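Engineer: This is protein_21.cif (mmCIF, C-alpha atoms).
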```
data_entry
loop_
_atom_site.label_atom_id
_atom_site.label_comp_id
_atom_site.auth_asym_id
_atom_site.auth_seq_id
_atom_site.Cartn_x
_atom_site.Cartn_y
_atom_site.Cartn_z
CA MET A 1 137.41 9.43 145.64
CA SER A 2 134.28 7.67 146.84
CA THR A 3 131.56 6.26 144.65
CA LEU A 4 129.14 9.01 145.80
CA GLN A 5 131.57 11.77 144.81
CA ILE A 6 132.15 10.12 141.44
CA ALA A 7 128.41 9.98 140.86
CA HIS A 8 127.99 13.72 141.50
CA LEU A 9 131.11 14.74 139.51
CA PRO A 10 129.29 15.51 136.24
CA ARG A 11 126.82 17.73 138.08
CA ILE A 12 129.59 19.65 139.82
CA VAL A 13 131.57 20.00 136.62
CA GLY A 14 128.44 20.97 134.79
CA GLY A 15 127.71 23.63 137.40
CA ARG A 16 131.19 25.07 137.04
CA LEU A 17 130.80 25.05 133.29
CA MET A 18 127.50 26.88 133.54
CA ARG A 19 128.96 29.51 135.85
CA SER A 20 131.93 30.02 133.57
CA HIS A 21 129.52 30.74 130.68
CA PRO A 22 126.71 32.81 132.25
CA GLU A 23 123.29 32.80 130.63
CA ARG A 24 122.68 35.75 128.27
CA ASP A 25 120.40 38.49 129.68
CA PRO A 26 117.10 38.59 127.69
CA TYR A 27 116.92 42.37 128.18
CA VAL A 28 120.17 42.73 126.25
CA SER A 29 118.88 40.62 123.38
CA ALA A 30 115.62 42.52 123.31
CA SER A 31 117.42 45.88 123.36
CA VAL A 32 119.71 44.92 120.49
CA GLY A 33 116.72 43.52 118.56
CA CYS A 34 114.77 46.75 119.03
CA GLY A 35 117.74 48.80 117.82
CA LEU A 36 118.12 46.68 114.69
CA ALA A 37 114.38 46.86 114.02
CA ALA A 38 114.40 50.66 114.40
CA LEU A 39 117.34 50.94 111.99
CA ALA A 40 115.45 48.77 109.52
CA CYS A 41 112.54 51.23 109.69
CA ALA A 42 114.73 54.26 108.96
CA PRO A 43 115.11 54.00 105.13
CA LEU A 44 111.37 53.91 104.43
CA PRO A 45 109.44 57.10 105.20
CA ALA A 46 106.27 55.09 105.79
CA THR A 47 107.90 53.06 108.63
CA ARG A 48 109.89 55.82 110.35
CA THR A 49 106.99 56.64 112.62
CA LEU A 50 106.89 53.00 113.73
CA GLY A 51 110.66 53.04 114.34
CA ILE A 52 110.43 55.79 116.99
CA PRO A 53 108.57 53.76 119.69
CA ILE A 54 110.70 50.69 118.88
CA CYS A 55 113.83 52.78 119.41
CA LEU A 56 112.53 54.12 122.72
CA MET A 57 111.70 50.59 123.88
CA GLY A 58 115.19 49.47 122.98
CA ALA A 59 116.73 52.31 124.99
CA VAL A 60 114.61 51.44 128.05
CA LEU A 61 115.51 47.76 127.81
CA GLY A 62 119.19 48.63 127.39
CA MET A 63 119.18 50.79 130.52
CA MET A 64 117.41 48.04 132.46
CA ALA A 65 119.97 45.46 131.32
CA LEU A 66 122.83 47.79 132.21
CA GLY A 67 121.32 48.41 135.65
CA ARG A 68 121.03 44.68 136.32
CA ALA A 69 124.58 44.07 135.18
CA LEU A 70 125.96 46.81 137.44
CA ALA A 71 123.92 45.57 140.40
CA THR A 72 125.15 41.96 140.09
CA ARG A 73 128.67 42.90 138.95
CA GLY A 74 128.37 40.15 136.41
CA ARG A 75 130.00 39.70 133.07
CA ARG A 76 127.02 41.01 131.13
CA GLY A 77 127.93 44.71 131.46
CA LEU A 78 129.59 44.93 128.05
CA ALA A 79 126.61 43.27 126.38
CA ALA A 80 124.25 45.64 128.18
CA TRP A 81 126.27 48.61 126.92
CA ALA A 82 126.06 47.16 123.42
CA GLY A 83 122.26 47.05 123.60
CA LEU A 84 122.03 50.64 124.85
CA LEU A 85 124.44 51.91 122.20
CA MET A 86 122.43 50.11 119.53
CA ALA A 87 119.30 51.98 120.64
CA VAL A 88 121.20 55.30 120.52
CA ALA A 89 122.51 54.47 117.04
CA ALA A 90 118.97 53.65 115.92
CA ALA A 91 117.76 57.03 117.22
CA GLY A 92 120.49 58.77 115.24
CA GLY A 93 119.54 56.81 112.15
CA LEU A 94 115.91 57.84 112.43
CA VAL A 95 116.87 61.50 112.82
CA ALA A 96 119.24 61.46 109.85
CA ALA A 97 116.98 59.33 107.65
CA PRO A 98 114.92 62.19 106.11
CA SER A 99 118.10 63.86 104.83
CA ALA A 100 119.69 60.63 103.65
CA PHE A 101 116.67 58.96 102.07
CA GLY A 102 114.35 61.87 101.42
CA SER A 103 110.94 62.62 102.75
CA SER A 104 107.59 61.53 101.40
CA ALA A 105 105.67 64.42 102.87
CA LYS A 106 102.67 65.10 100.71
CA PRO A 107 102.61 68.46 98.98
CA ARG A 108 100.54 71.02 100.71
CA THR A 109 97.08 71.18 99.23
CA VAL A 110 95.81 74.68 98.60
CA ALA A 111 92.10 74.88 99.17
CA THR A 112 90.16 76.22 96.23
CA PRO A 113 88.21 79.25 97.34
CA ALA A 114 84.48 78.82 97.33
CA VAL A 115 82.61 80.42 94.50
CA VAL A 116 80.98 83.61 95.77
CA ALA A 117 77.72 84.58 94.21
CA VAL A 118 78.10 87.82 92.30
CA PRO A 119 75.30 90.28 93.01
CA ALA A 120 73.20 91.49 90.13
CA PRO A 121 74.95 94.35 88.35
CA VAL A 122 73.73 97.89 88.91
CA PRO A 123 71.86 99.14 85.86
CA ASP A 124 74.12 101.08 83.54
CA LEU A 125 73.97 104.76 84.43
CA ALA A 126 74.74 105.70 80.87
CA ALA A 127 71.72 103.73 79.66
CA GLN A 128 69.54 105.29 82.35
CA THR A 129 70.73 108.76 81.45
CA ALA A 130 70.04 108.22 77.76
CA ALA A 131 66.54 106.92 78.54
CA VAL A 132 65.67 109.82 80.87
CA LEU A 133 66.93 112.46 78.43
CA SER A 134 65.12 110.96 75.44
CA ARG A 135 61.88 109.97 77.15
CA ASP A 136 61.28 111.87 80.41
CA ILE A 137 62.80 115.37 80.35
CA LYS A 138 64.06 118.11 78.08
CA VAL A 139 67.08 120.15 79.16
CA SER A 140 68.14 123.45 77.67
CA PHE A 141 71.14 125.57 78.64
CA GLY A 142 71.15 129.33 78.55
CA ALA A 143 74.17 131.49 77.89
CA PRO A 144 76.61 131.62 80.83
CA GLY A 145 76.82 134.91 82.64
CA THR A 146 78.45 136.64 85.58
CA GLN A 147 77.28 138.58 88.58
CA LEU A 148 78.76 139.85 91.83
CA ASP A 149 78.33 137.68 94.88
CA ASP A 150 77.77 138.97 98.41
CA THR A 151 81.48 139.71 98.84
CA GLY A 152 81.73 141.69 95.60
CA GLN A 153 83.61 138.99 93.67
CA VAL A 154 82.70 137.97 90.12
CA MET A 155 80.68 134.75 90.08
CA CYS A 156 79.82 132.70 87.03
CA PHE A 157 76.45 131.02 86.52
CA VAL A 158 74.78 128.94 83.81
CA PRO A 159 70.96 128.97 83.57
CA VAL A 160 69.27 125.62 82.87
CA THR A 161 65.64 124.80 82.12
CA ILE A 162 64.31 121.29 82.82
CA THR A 163 60.88 120.27 81.51
CA ASN A 164 59.10 117.09 82.50
CA VAL A 165 57.65 115.34 79.40
CA SER A 166 57.29 111.85 80.88
CA GLY A 167 53.49 111.97 81.14
CA HIS A 168 53.55 111.62 84.94
CA SER A 169 54.96 113.41 87.97
CA ALA A 170 58.61 112.71 88.83
CA GLY A 171 61.78 114.20 90.27
CA TYR A 172 65.28 113.92 88.87
CA ASP A 173 68.90 113.95 90.00
CA LEU A 174 71.14 115.53 87.39
CA ARG A 175 74.90 115.96 86.92
CA PHE A 176 76.27 118.56 84.50
CA THR A 177 79.67 118.70 82.83
CA ALA A 178 81.45 121.72 81.33
CA ILE A 179 83.92 121.02 78.51
CA ASP A 180 86.24 123.28 76.57
CA ASP A 181 86.55 123.62 72.81
CA LYS A 182 88.95 120.67 72.72
CA GLY A 183 86.52 118.33 74.47
CA ARG A 184 88.38 118.38 77.78
CA GLN A 185 86.43 118.47 81.01
CA ILE A 186 86.65 121.74 82.92
CA THR A 187 84.50 120.93 85.94
CA THR A 188 81.18 119.35 86.99
CA ASP A 189 78.14 120.36 89.02
CA SER A 190 74.99 118.59 90.18
CA ALA A 191 71.41 119.50 91.05
CA SER A 192 68.34 117.77 92.43
CA ILE A 193 65.06 118.70 90.77
CA PRO A 194 62.01 118.19 93.01
CA LYS A 195 58.88 116.53 91.71
CA LEU A 196 57.59 118.06 88.50
CA ASP A 197 54.15 117.49 87.04
CA ASP A 198 53.81 116.54 83.41
CA ASN A 199 54.85 119.48 81.16
CA GLN A 200 56.00 121.47 84.16
CA SER A 201 59.39 123.22 83.97
CA ALA A 202 61.99 124.26 86.52
CA GLN A 203 64.72 126.86 86.04
CA ILE A 204 67.96 126.65 87.99
CA ASN A 205 71.47 128.10 87.86
CA VAL A 206 74.46 125.75 87.91
CA PHE A 207 78.22 126.28 87.96
CA ASN A 208 77.89 129.08 90.50
CA ILE A 209 81.64 129.47 90.82
CA VAL A 210 83.86 132.27 92.09
CA ASN A 211 87.28 131.51 90.67
CA SER A 212 89.47 133.80 88.62
CA THR A 213 90.76 130.85 86.58
CA LEU A 214 87.56 128.88 86.01
CA VAL A 215 85.18 131.78 85.37
CA PRO A 216 86.79 132.84 82.03
CA ARG A 217 86.87 129.22 80.87
CA LEU A 218 83.23 128.61 81.80
CA LEU A 219 82.10 131.66 79.85
CA THR A 220 83.27 129.97 76.63
CA ALA A 221 82.51 126.38 77.58
CA GLN A 222 79.94 123.93 76.29
CA PHE A 223 77.59 122.13 78.70
CA ARG A 224 75.86 118.78 78.73
CA VAL A 225 73.99 116.48 81.11
CA SER A 226 76.39 113.65 82.03
CA GLN A 227 73.99 111.83 84.36
CA ALA A 228 70.21 111.82 84.81
CA VAL A 229 68.39 109.52 87.23
CA THR A 230 64.73 109.44 88.18
CA GLN A 231 64.14 109.91 91.91
#
```
Just give me the structure of the file as structure tokens.

Structural biologist:
Amino acid sequence: MSTLQIAHLPRIVGGRLMRSHPERDPYVSASVGCGLAALACAPLPATRTLGIPICLMGAVLGMMALGRALATRGRRGLAAWAGLLMAVAAAGGLVAAPSAFGSSAKPRTVATPAVVAVPAPVPDLAAQTAAVLSRDIKVSFGAPGTQLDDTGQVMCFVPVTITNVSGHSAGYDLRFTAIDDKGRQITTDSASIPKLDDNQSAQINVFNIVNSTLVPRLLTAQFRVSQAVTQ
């Protein structure tokens, strides 16, 4: 062997040694690193969202490394598969993490309904009625009677006299109630009294009913004003 060949022997041997131990593909290392990082994010709910893009990056890098290994038919194919499988395992870990470690989802907050302004209450009809009957009008009931209507049937009627004592002209809307001797309501009727001058009276008939059941009961009933409102 010549002196020149001896001088280049370490370089040749070194080249063979380097080819026998090929350099590791950086895509494989990056893919495996991304998979491990994504798995590390899985236990903590706060970091799972960060683990998803890391896992996707690892899968892309693993597929790139596998493609390079298949194209060159080198010895890095197994390592490339390892990187891709690590990314898949990381994806499975992220999916299963909520069941294994629980979720930190905040409880749903129920909005408190806004306070709605309540309109002013309508004046008490009972109070109005008491005021009108004690201050504005006098009501007197006559004895109930019967007469034949246009068809020849027996019709009941109750005469009522309303006198305006308010000191000024006014009209009134009245509701009347008939009750039996036990205080139970039999039926009701209503009437609208046009404007009356002070001390003026109006006479009307109420409970003008044709009914074989109600007429006998009304003939023995008691009557009262259940509602009185000034027009």

Engineer: Specify as a PyMOL selection string each residue included when the PyMOL selection byres ((chain A and resi 181) around 10) is applied to this file.

Structural biologist: chain A and resi 179-180+182-185+217+220-222

Engineer: What would the file look like if the residues just selected were written as a PDB file, in the coordinates of the input with C-alpha atoms?

Structural biologist:
```pdb
ATOM      1  CA  ILE A 179      83.920 121.020  78.510  1.00  0.00           C
ATOM      2  CA  ASP A 180      86.240 123.280  76.570  1.00  0.00           C
ATOM      3  CA  LYS A 182      88.950 120.670  72.720  1.00  0.00           C
ATOM      4  CA  GLY A 183      86.520 118.330  74.470  1.00  0.00           C
ATOM      5  CA  ARG A 184      88.380 118.380  77.780  1.00  0.00           C
ATOM      6  CA  GLN A 185      86.430 118.470  81.010  1.00  0.00           C
ATOM      7  CA  ARG A 217      86.870 129.220  80.870  1.00  0.00           C
ATOM      8  CA  THR A 220      83.270 129.970  76.630  1.00  0.00           C
ATOM      9  CA  ALA A 221      82.510 126.380  77.580  1.00  0.00           C
ATOM     10  CA  GLN A 222      79.940 123.930  76.290  1.00  0.00           C
TER      11      GLN A 222
END
```

Engineer: Could you check which of A:Val210, A:Phe141, A:Ser29, A:Gly58 is closest to Ile162 (chain A), using all atoms listed in the file?

Structural biologist: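 Counting all atoms listed in the file, the residue closest to Ile162 (chain A) is A:Phe141.
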
Engineer: What gap, in Å, lies between CA of Thr230 (chain A) and CA of Ile137 (chain A)?

Structural biologist: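 Straight-line distance from CA of Thr230 (chain A) to CA of Ile137 (chain A) works out to 10.0 Å.
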
Engineer: Which residues match the PyMOL selection byres ((chain A and resi 200) around 8) in the file above, as a list in words?

Structural biologist: Thr163, Asn164, Val165, Leu196, Asp197, Asp198, Asn199, Ser201 and Ala202 of chain A

Engineer: Name the residues that the PyMOL selection byres ((chain A and resi 213-216) around 9) pulls out of this structure, and write them as a ChimeraX atom specification.

Structural biologist: /A:146,154-157,186-187,209-212,217-221
